[in-house]
Each structure stands twice: as structure tokens, then as C-alpha cells.
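Student: Sharing entry20.tsv below, TSV, C-alpha atoms:
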```
chain	number	residue	atom	x	y	z
A	96	MET	CA	55.75	-59.93	126.05
A	97	THR	CA	56.37	-59.66	122.32
A	98	LYS	CA	53.20	-59.69	120.27
A	99	ALA	CA	53.40	-61.68	117.03
A	100	TYR	CA	53.65	-59.69	113.81
A	101	PRO	CA	54.78	-60.43	110.22
A	102	LEU	CA	58.57	-60.66	110.10
A	103	GLN	CA	60.56	-59.35	107.13
A	104	PHE	CA	64.23	-60.26	106.84
A	105	LYS	CA	67.27	-58.70	105.22
A	106	ALA	CA	68.21	-60.99	102.36
A	107	GLU	CA	71.55	-62.80	102.32
A	108	MET	CA	73.00	-62.46	98.82
A	109	LYS	CA	75.05	-65.26	97.27
A	110	GLU	CA	77.50	-64.77	94.42
A	111	ARG	CA	77.19	-67.52	91.82
A	112	ILE	CA	78.98	-68.10	88.53
A	113	TRP	CA	75.57	-68.25	86.82
A	114	GLY	CA	74.08	-65.18	88.52
A	115	GLY	CA	73.39	-61.65	87.35
A	116	ARG	CA	71.85	-58.41	88.62
A	117	ALA	CA	68.13	-59.02	88.07
A	118	LEU	CA	67.27	-59.10	91.78
A	119	GLU	CA	67.90	-55.34	91.84
A	120	GLN	CA	64.51	-54.87	90.19
A	121	PHE	CA	62.90	-55.77	93.53
A	122	GLY	CA	64.74	-52.98	95.30
A	123	LEU	CA	67.16	-55.42	96.94
A	124	GLU	CA	70.70	-54.31	97.74
A	125	LEU	CA	73.20	-56.42	95.82
A	126	PRO	CA	76.94	-56.56	96.42
A	127	GLU	CA	79.22	-56.45	93.40
A	128	GLY	CA	79.52	-59.48	91.18
A	129	PRO	CA	77.11	-62.02	89.67
A	130	ILE	CA	74.43	-62.56	92.32
A	131	GLY	CA	72.52	-65.77	91.74
A	132	GLU	CA	70.66	-66.27	95.01
A	133	GLY	CA	68.88	-64.06	97.50
A	134	TRP	CA	68.24	-66.06	100.66
A	135	MET	CA	65.10	-64.26	101.80
A	136	ILE	CA	64.24	-66.35	104.87
A	137	GLY	CA	66.99	-68.62	106.13
A	138	ASP	CA	68.16	-70.37	109.30
A	139	HIS	CA	71.25	-72.22	108.11
A	140	PRO	CA	74.98	-72.13	108.93
A	141	ASN	CA	75.60	-70.93	105.37
A	142	GLY	CA	73.11	-68.05	105.68
A	143	THR	CA	70.97	-66.81	108.54
A	144	THR	CA	68.69	-63.87	107.78
A	145	LYS	CA	68.03	-61.09	110.29
A	146	VAL	CA	64.73	-59.37	111.03
A	147	MET	CA	64.62	-55.81	109.71
A	148	ASN	CA	61.18	-54.63	110.89
A	149	GLY	CA	59.44	-54.07	114.18
A	150	GLU	CA	60.35	-54.88	117.74
A	151	LEU	CA	62.50	-57.89	116.86
A	152	ALA	CA	64.67	-56.04	114.30
A	153	GLY	CA	68.27	-57.20	114.39
A	154	LEU	CA	67.54	-60.72	115.60
A	155	GLY	CA	68.48	-63.63	113.36
A	156	LEU	CA	65.96	-66.30	112.48
A	157	ASP	CA	68.02	-68.59	114.73
A	158	ASP	CA	67.44	-66.14	117.60
A	159	ILE	CA	63.70	-66.11	116.83
A	160	ARG	CA	63.75	-69.89	116.96
A	161	GLU	CA	65.49	-69.90	120.34
A	162	LYS	CA	63.20	-67.26	121.83
A	163	PHE	CA	59.82	-68.28	120.45
A	164	GLY	CA	60.14	-71.81	119.03
A	165	ARG	CA	56.78	-73.48	118.49
A	166	GLU	CA	54.85	-70.32	119.38
A	167	PHE	CA	56.04	-68.70	116.14
A	168	PHE	CA	56.81	-71.76	114.01
A	169	GLY	CA	53.80	-73.88	115.02
A	170	THR	CA	53.49	-77.46	116.19
A	171	GLN	CA	54.20	-78.75	112.65
A	172	GLY	CA	56.79	-76.14	111.76
A	173	PHE	CA	59.52	-76.95	114.22
A	174	SER	CA	62.19	-79.38	112.98
A	175	GLU	CA	62.93	-82.02	115.60
A	176	ARG	CA	65.92	-83.32	113.66
A	177	ASN	CA	68.14	-80.26	113.82
A	178	GLY	CA	65.97	-77.60	115.46
A	179	ARG	CA	66.28	-75.14	112.59
A	180	PHE	CA	63.46	-73.42	110.77
A	181	PRO	CA	62.36	-76.17	108.37
A	182	LEU	CA	62.32	-74.19	105.10
A	183	LEU	CA	64.65	-71.98	103.11
A	184	ILE	CA	63.13	-69.32	100.86
A	185	LYS	CA	65.13	-67.98	97.91
A	186	LEU	CA	64.88	-65.77	94.87
A	187	LEU	CA	67.10	-66.98	92.02
A	188	ASP	CA	68.46	-64.98	89.08
A	189	CYS	CA	69.66	-67.38	86.40
A	190	ASN	CA	71.73	-65.28	84.03
A	191	ASP	CA	73.45	-68.48	82.85
A	192	ASP	CA	72.75	-72.21	83.08
A	193	LEU	CA	73.04	-73.85	86.50
A	194	SER	CA	74.89	-77.14	86.85
A	195	ILE	CA	73.04	-80.38	86.21
A	196	GLN	CA	72.33	-81.49	89.77
A	197	VAL	CA	70.39	-83.66	92.16
A	198	HIS	CA	69.62	-83.51	95.88
A	199	PRO	CA	69.51	-86.36	98.42
A	200	THR	CA	66.67	-87.39	100.71
A	201	ASP	CA	66.90	-87.14	104.50
A	202	LEU	CA	67.83	-90.83	104.58
A	203	TYR	CA	71.00	-90.66	102.47
A	204	GLU	CA	73.94	-91.90	104.52
A	205	GLY	CA	76.35	-89.53	102.78
A	206	LEU	CA	74.66	-86.37	104.07
A	207	PRO	CA	76.98	-83.93	105.83
A	208	GLU	CA	76.59	-83.87	109.63
A	209	GLY	CA	73.50	-81.90	110.62
A	210	GLU	CA	72.20	-81.51	107.07
A	211	LEU	CA	68.78	-82.47	105.75
A	212	GLY	CA	67.83	-83.72	102.33
A	213	LYS	CA	66.46	-81.25	99.85
A	214	THR	CA	63.02	-81.40	98.29
A	215	GLU	CA	62.07	-78.11	96.65
A	216	MET	CA	59.68	-76.33	94.31
A	217	TRP	CA	60.09	-73.53	91.77
A	218	TYR	CA	57.67	-70.84	90.74
A	219	ILE	CA	58.76	-69.04	87.57
A	220	LEU	CA	58.52	-65.29	88.20
A	221	ASP	CA	59.84	-64.30	84.78
A	222	ALA	CA	61.26	-66.08	81.76
A	223	LYS	CA	62.89	-64.75	78.61
A	224	PRO	CA	61.61	-66.05	75.26
A	225	GLY	CA	62.87	-69.57	74.65
A	226	ALA	CA	63.83	-70.16	78.29
A	227	LYS	CA	63.94	-73.76	79.50
A	228	ILE	CA	64.90	-75.98	82.40
A	229	ILE	CA	66.29	-79.49	82.78
A	230	TYR	CA	63.64	-81.59	84.50
A	231	GLY	CA	64.24	-85.29	84.99
A	232	LEU	CA	65.74	-88.16	83.04
A	233	ARG	CA	64.54	-89.42	79.70
A	234	ASP	CA	62.65	-92.70	79.64
A	235	GLY	CA	64.83	-95.77	79.96
A	236	VAL	CA	67.80	-94.06	81.61
A	237	ASP	CA	69.01	-96.16	84.53
A	238	ARG	CA	72.17	-95.95	86.63
A	239	SER	CA	74.37	-97.82	84.17
A	240	VAL	CA	73.18	-95.75	81.19
A	241	LEU	CA	73.67	-92.47	83.04
A	242	SER	CA	77.04	-93.51	84.46
A	243	ALA	CA	78.32	-94.34	80.97
A	244	ALA	CA	76.98	-91.07	79.57
A	245	ILE	CA	78.72	-89.06	82.29
A	246	ALA	CA	82.01	-90.86	81.66
A	247	GLU	CA	81.73	-90.27	77.92
A	248	GLY	CA	80.76	-86.59	78.19
A	249	ARG	CA	77.25	-86.96	76.76
A	250	VAL	CA	75.10	-86.61	79.88
A	251	MET	CA	72.85	-84.07	78.15
A	252	ASP	CA	71.55	-86.89	75.94
A	253	CYS	CA	69.94	-88.44	79.04
A	254	LEU	CA	68.01	-85.39	80.23
A	255	GLN	CA	64.60	-83.88	79.55
A	256	GLU	CA	64.40	-80.23	78.53
A	257	VAL	CA	61.17	-78.35	79.31
A	258	PRO	CA	60.25	-74.88	78.00
A	259	VAL	CA	59.09	-72.48	80.72
A	260	GLU	CA	57.21	-69.22	81.05
A	261	ALA	CA	56.16	-66.97	83.91
A	262	GLY	CA	53.57	-68.63	86.15
A	263	ASP	CA	54.82	-72.20	85.69
A	264	ALA	CA	55.27	-74.24	88.88
A	265	PHE	CA	57.57	-77.23	89.32
A	266	TYR	CA	57.72	-79.67	92.22
A	267	ILE	CA	61.17	-81.22	92.55
A	268	PRO	CA	61.37	-84.05	95.09
A	269	ALA	CA	64.80	-85.17	96.25
A	270	GLY	CA	66.26	-87.60	93.72
A	271	THR	CA	65.06	-85.63	90.66
A	272	VAL	CA	67.81	-84.55	88.25
A	273	HIS	CA	67.26	-80.91	87.38
A	274	ALA	CA	68.78	-77.56	86.40
A	275	LEU	CA	67.52	-74.06	85.89
A	276	CYS	CA	68.78	-72.57	82.65
A	277	ALA	CA	69.62	-69.07	81.51
A	278	GLY	CA	66.90	-66.44	81.37
A	279	VAL	CA	64.65	-67.35	84.28
A	280	LEU	CA	63.85	-65.60	87.54
A	281	VAL	CA	62.53	-67.97	90.17
A	282	ALA	CA	61.03	-68.13	93.66
A	283	GLU	CA	62.22	-71.30	95.39
A	284	ILE	CA	60.67	-72.89	98.46
A	285	GLN	CA	62.76	-75.78	99.76
A	286	GLN	CA	63.76	-77.85	102.73
A	287	ASN	CA	66.30	-76.08	104.88
A	288	SER	CA	69.35	-77.64	103.25
A	289	ASP	CA	72.36	-76.52	101.25
A	290	THR	CA	73.39	-79.93	99.92
A	291	THR	CA	73.70	-80.18	96.14
A	292	TYR	CA	75.38	-82.92	94.12
A	293	ARG	CA	76.62	-81.75	90.72
A	294	VAL	CA	76.33	-84.25	87.90
A	295	PHE	CA	77.76	-81.99	85.17
A	296	ASP	CA	78.84	-78.35	84.96
A	297	TYR	CA	79.57	-77.74	81.26
A	298	ASN	CA	83.34	-77.97	81.91
A	299	ARG	CA	83.37	-74.30	82.94
A	300	PRO	CA	85.54	-72.65	85.57
A	301	GLY	CA	84.09	-71.43	88.84
A	302	LEU	CA	84.45	-67.97	90.36
A	303	ASP	CA	88.02	-68.85	91.37
A	304	GLY	CA	88.94	-69.85	87.81
A	305	LYS	CA	89.14	-73.55	88.70
A	306	PRO	CA	86.66	-76.25	87.62
A	307	ARG	CA	83.87	-76.65	90.15
A	308	GLU	CA	83.71	-79.93	92.04
A	309	LEU	CA	81.45	-82.65	90.67
A	310	HIS	CA	79.80	-85.29	92.86
A	311	VAL	CA	79.25	-88.10	90.40
A	312	GLU	CA	79.17	-91.05	92.80
A	313	ASP	CA	76.85	-89.31	95.27
A	314	SER	CA	74.63	-88.24	92.38
A	315	LEU	CA	74.39	-91.75	90.98
A	316	ASN	CA	73.56	-93.01	94.48
A	317	VAL	CA	70.67	-90.61	95.18
A	318	ILE	CA	68.95	-90.27	91.79
A	319	ALA	CA	65.45	-91.76	91.67
A	320	TYR	CA	65.75	-93.52	88.30
A	321	GLU	CA	62.09	-94.53	88.26
A	322	GLY	CA	61.01	-91.01	89.19
A	323	ALA	CA	60.50	-89.37	92.58
A	324	GLY	CA	57.03	-87.95	91.94
A	325	ALA	CA	58.00	-84.67	90.25
A	326	THR	CA	55.03	-82.66	88.95
A	327	ARG	CA	54.57	-79.44	87.00
A	328	MET	CA	51.63	-77.23	86.19
A	329	LYS	CA	50.42	-74.01	84.63
A	330	THR	CA	48.92	-71.76	87.25
A	331	ASP	CA	46.92	-69.20	85.28
A	332	GLY	CA	43.15	-68.96	85.41
A	333	ILE	CA	42.86	-68.46	89.18
A	334	GLY	CA	39.89	-66.40	90.28
A	335	ALA	CA	40.21	-63.38	92.53
A	336	ASN	CA	40.96	-64.21	96.16
A	337	GLU	CA	41.27	-67.94	95.53
A	338	TRP	CA	44.09	-70.31	96.41
A	339	LEU	CA	45.47	-72.85	93.95
A	340	ARG	CA	47.69	-75.58	95.38
A	341	ILE	CA	50.83	-75.72	93.24
A	342	ALA	CA	53.09	-78.02	95.27
A	343	ALA	CA	52.62	-80.44	98.15
A	344	SER	CA	55.24	-82.50	99.97
A	345	PRO	CA	55.89	-83.83	103.48
A	346	TYR	CA	57.85	-80.60	104.07
A	347	PHE	CA	55.73	-77.81	102.61
A	348	ILE	CA	52.46	-76.97	100.94
A	349	VAL	CA	52.58	-74.06	98.50
A	350	GLU	CA	49.55	-72.24	97.12
A	351	LYS	CA	49.20	-69.36	94.68
A	352	GLY	CA	46.62	-66.64	95.20
A	353	VAL	CA	45.60	-63.56	93.21
A	354	VAL	CA	44.59	-60.66	95.46
A	355	GLN	CA	42.12	-58.22	93.93
A	356	ALA	CA	40.07	-57.13	96.96
A	357	PRO	CA	40.41	-57.23	100.75
A	358	TRP	CA	41.02	-60.87	101.72
A	359	GLN	CA	40.59	-61.98	105.31
A	360	LEU	CA	42.89	-64.85	106.26
A	361	SER	CA	44.33	-66.47	109.37
A	362	THR	CA	47.29	-68.45	110.59
A	363	SER	CA	46.77	-71.61	112.66
A	364	PRO	CA	48.59	-72.98	115.71
A	365	GLU	CA	49.95	-75.80	113.52
A	366	SER	CA	52.16	-73.73	111.23
A	367	PHE	CA	53.77	-70.45	110.36
A	368	VAL	CA	52.78	-68.91	107.02
A	369	ILE	CA	55.34	-67.67	104.50
A	370	LEU	CA	54.15	-65.11	101.97
A	371	VAL	CA	56.16	-64.38	98.83
A	372	ILE	CA	54.86	-61.43	96.84
A	373	ALA	CA	55.36	-62.68	93.29
A	374	GLU	CA	53.84	-59.77	91.37
A	375	GLY	CA	52.13	-56.45	91.97
A	376	SER	CA	51.70	-54.57	95.23
A	377	GLY	CA	49.27	-54.02	98.08
A	378	THR	CA	49.06	-54.14	101.85
A	379	LEU	CA	49.43	-56.72	104.58
A	380	GLY	CA	47.39	-55.93	107.68
A	381	TRP	CA	47.08	-57.60	111.09
A	382	GLU	CA	45.80	-56.72	114.53
A	383	GLY	CA	47.74	-53.61	115.47
A	384	GLY	CA	49.52	-53.00	112.20
A	385	LYS	CA	49.59	-52.67	108.43
A	386	GLN	CA	52.37	-52.28	105.90
A	387	ASP	CA	52.80	-51.82	102.19
A	388	VAL	CA	54.14	-54.85	100.30
A	389	LYS	CA	55.43	-55.34	96.77
A	390	ALA	CA	56.88	-57.91	94.39
A	391	GLY	CA	60.05	-59.58	95.63
A	392	GLU	CA	59.24	-59.21	99.32
A	393	CYS	CA	58.86	-62.19	101.65
A	394	PHE	CA	57.27	-62.39	105.07
A	395	LEU	CA	57.17	-64.93	107.88
A	396	LEU	CA	53.83	-64.84	109.68
A	397	PRO	CA	54.08	-66.49	113.11
A	398	ALA	CA	51.66	-69.31	113.83
A	399	SER	CA	50.33	-67.25	116.73
A	400	LEU	CA	49.56	-64.18	114.58
A	401	GLY	CA	45.91	-65.14	113.93
A	402	GLN	CA	43.86	-62.91	111.63
A	403	TYR	CA	45.54	-61.02	108.80
A	404	GLU	CA	44.39	-59.28	105.63
A	405	LEU	CA	45.80	-58.98	102.11
A	406	ASP	CA	44.62	-56.16	99.88
A	407	GLY	CA	45.66	-54.60	96.59
A	408	ARG	CA	46.50	-56.06	93.21
A	409	MET	CA	49.08	-58.75	93.57
A	410	THR	CA	50.03	-62.39	93.13
A	411	VAL	CA	51.08	-64.16	96.33
A	412	LEU	CA	52.64	-67.52	97.13
A	413	ARG	CA	51.61	-68.93	100.50
A	414	SER	CA	53.64	-71.73	102.12
A	415	VAL	CA	52.91	-73.69	105.29
A	416	ALA	CA	54.28	-76.77	107.02
A	417	PRO	CA	51.92	-79.74	106.50
```
Give the structure from the file, written as C-alpha cells.
Tutor:
Amino acid sequence: MTKAYPLQFKAEMKERIWGGRALEQFGLELPEGPIGEGWMIGDHPNGTTKVMNGELAGLGLDDIREKFGREFFGTQGFSERNGRFPLLIKLLDCNDDLSIQVHPTDLYEGLPEGELGKTEMWYILDAKPGAKIIYGLRDGVDRSVLSAAIAEGRVMDCLQEVPVEAGDAFYIPAGTVHALCAGVLVAEIQQNSDTTYRVFDYNRPGLDGKPRELHVEDSLNVIAYEGAGATRMKTDGIGANEWLRIAASPYFIVEKGVVQAPWQLSTSPESFVILVIAEGSGTLGWEGGKQDVKAGECFLLPASLGQYELDGRMTVLRSVAP
């Protein structure tokens, strides 16, 4: 019988027109080209990560799901709709601006077969001076106003720009128009979905030299013009070995903690725990094992793991299924 232990996966790297090489700073292996996304923990047809540590090394997260199901994922962490692991964990290197985009809810009739909607959150790991994001519509922008602006090539007039710095957290419910912009490095926790509707892409060519597809009608259909409940916050000022809740949705709860001394924690039968090491280094210990951890690494702690310990000097993001 396999005893539960923290699972670390080999990241799936995604080339993006807006990507760069910044993920190399975490010791990750990048293929050639502009790499925008590292899928750190994924169970999706477009990217399934494989375990690279311990007894289960070589198995994909889909294999883990088939073998261990609720034992590892927890009673709240197992998606009844499509059976996949419910979250997708990414690191994003935004060397250029991303397209202006929006994601649908689970209820949108235009969703591809088997896909979920996409509610997500961002934690800003690093930001160059003057960095910003697009975050929501300006007041008074409804479907007709936005539709006209898109047709007339002035969609940027309808959008809110927000300056960002390291440590900022943004909750982005489905229906929120948004875009990361150049100069930010981001940890993203999201529903397990790869559905994005592009509103505008700066009229630039894609990696193949052709304009990237826009999804104007779908975008206009799914945008929450009155707001979807997006929130943002500064996350500094946390005491040692304390959790600060930085995002909460029906799909995930994300907390930030600052480890400065041995910290005894535990999983529960209800949910897996995902740990993203955002900054610093230390150790992750559990019954029967301990390993060094550092910034940029992500771990899936099975619901059945029980007691574990964090130690060192590091900032950690902890995600669970509500």
C-alpha cells in the first residue's frame, strides 16, 4: 500500500507570444522560445504533469486520480463533473502584455465539451517598476458600449488599469475582463480549465505570424457587466507563522503564510493541500520524510497525509478545496 507523501511534479512548459525566460530563475528547465506558462500541477488534456519524486514518480496526475481518487484529493477535492483534479496551478512570466480576455462560468452554454469555467486568482511574485494589469471595466460600460468600442478599435478606453507590485493578490471570478501586462511574474491558482475568450490582442501576430483568434461574441456573452465580485488586496504585514486569506471562491481558498520557525500543520480528509513556495527556502517534513524546498516549487499534499511541518525562512501560498 502506498503511503501518502507530498507530490512534486515536472512542470509542463507552454510557449506564448508574450512569454520570456524568467522562470529559469527557479531552476526550471525551459525549452527554447518565449515561455509564458509553467503548468506546475495539472490534470488537463492540454497538459498533464507527472510526479518526479518518491514511489509514485513517473505517474501523471491523471494516474494518481485513477489510483487514489478521494483518498488523495479529499471529499471536497474530487470533481464530479469531469473527474479531473479540480485546480490548475501555474507560474506565469509576462515579458509582454497578455491579450485582453475573459473566462466563462461553468454554466455558459458555449463551453467546449468537457471543459469547466475558469475562476482564478493571481499572486504577484515580482513586478518591474511601473508594472500594471488590466482589471475590470470602467464604470458605466455595458454590453452596447463595449461592443461599439471593440468595433471601433478603442476597447482600451473601457478598461481599468491597476498598478501592481510584489505581494499583491487579485481574485478574478469568471466574467471579469482582465489582462496581465509586461513585467510581472505571477503564481496563478485557477479552476482546471483552459478556456479563454480574447477580447483584444493589440493587432499583433501570434507565434505562427498570423493574427491570433479573437472571441468577441463569446466575450460579450460571458462578461459580468455589473461586476462578478473581483477583489484585490495588499498582503504585507503578516506575522510569523500566520495565515492570511487572500482569495476565496466556490473552487478554492488561498492563504498566504510567512514561515520563520517550525510550523506544525495538518491536512484534513476534506481536501488536498497545494503549497506554492513564493519566496525563500526551507524544509517540508512529514511522517517518514523531509525535503528541502525553495521558491518556485509546488507540492500537492494528499488529503490523507495528516501532520506536516514547514520550517525555514519562506513565503508560502496554501490552497485547498472549500
Student: Segment 196-202 of chain A, all listed atoms, 8 Å padding on each side: what axis-aligned box centre and edge lengths in Å to one decimal come out, as lines of an AutoDock Vina configuration file?
Tutor:
```
center_x = 69.5
center_y = -86.2
center_z = 97.2
size_x = 21.7
size_y = 25.3
size_z = 30.8
```
Student: Set the distance at 9 Å and use all atoms listed in the file: which residues neighbour Leu202 of chain A once local chain neighbours fewer than 3 positions away are removed? I'd like the list as an mmCIF file with C-alpha atoms, in the frame of the given file.
Tutor:
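The file below, out-v3.cif, is the result:
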```
data_model
loop_
_atom_site.group_PDB
_atom_site.id
_atom_site.type_symbol
_atom_site.label_atom_id
_atom_site.label_comp_id
_atom_site.auth_asym_id
_atom_site.auth_seq_id
_atom_site.Cartn_x
_atom_site.Cartn_y
_atom_site.Cartn_z
ATOM 1 C CA PRO A 199 69.510 -86.360 98.420
ATOM 2 C CA GLY A 205 76.350 -89.530 102.780
ATOM 3 C CA LEU A 206 74.660 -86.370 104.070
ATOM 4 C CA LEU A 211 68.780 -82.470 105.750
ATOM 5 C CA GLY A 212 67.830 -83.720 102.330
#
```
Student: For Glu256 of chain A, which of A:Asp234, A:Val240, A:His273, A:Glu210 is the closest residue, counting all atoms listed in the file?
Tutor: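 The shortest atom-to-atom distance to Glu256 of chain A comes from A:His273.
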Student: If you measure from atom CA of Ile348 of chain A to atom CA of Leu186 of chain A, what distance in Å do you get, rounded to one decimal?
Tutor: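 Separation of atom CA of Ile348 of chain A and atom CA of Leu186 of chain A: 17.8 Å.
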Student: Rounded to one decimal, what separation in Å do you get between atom CA of His310 of chain A and atom CA of Thr200 of chain A?
Tutor: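 Computing it gives 15.4 Å between the two atoms.
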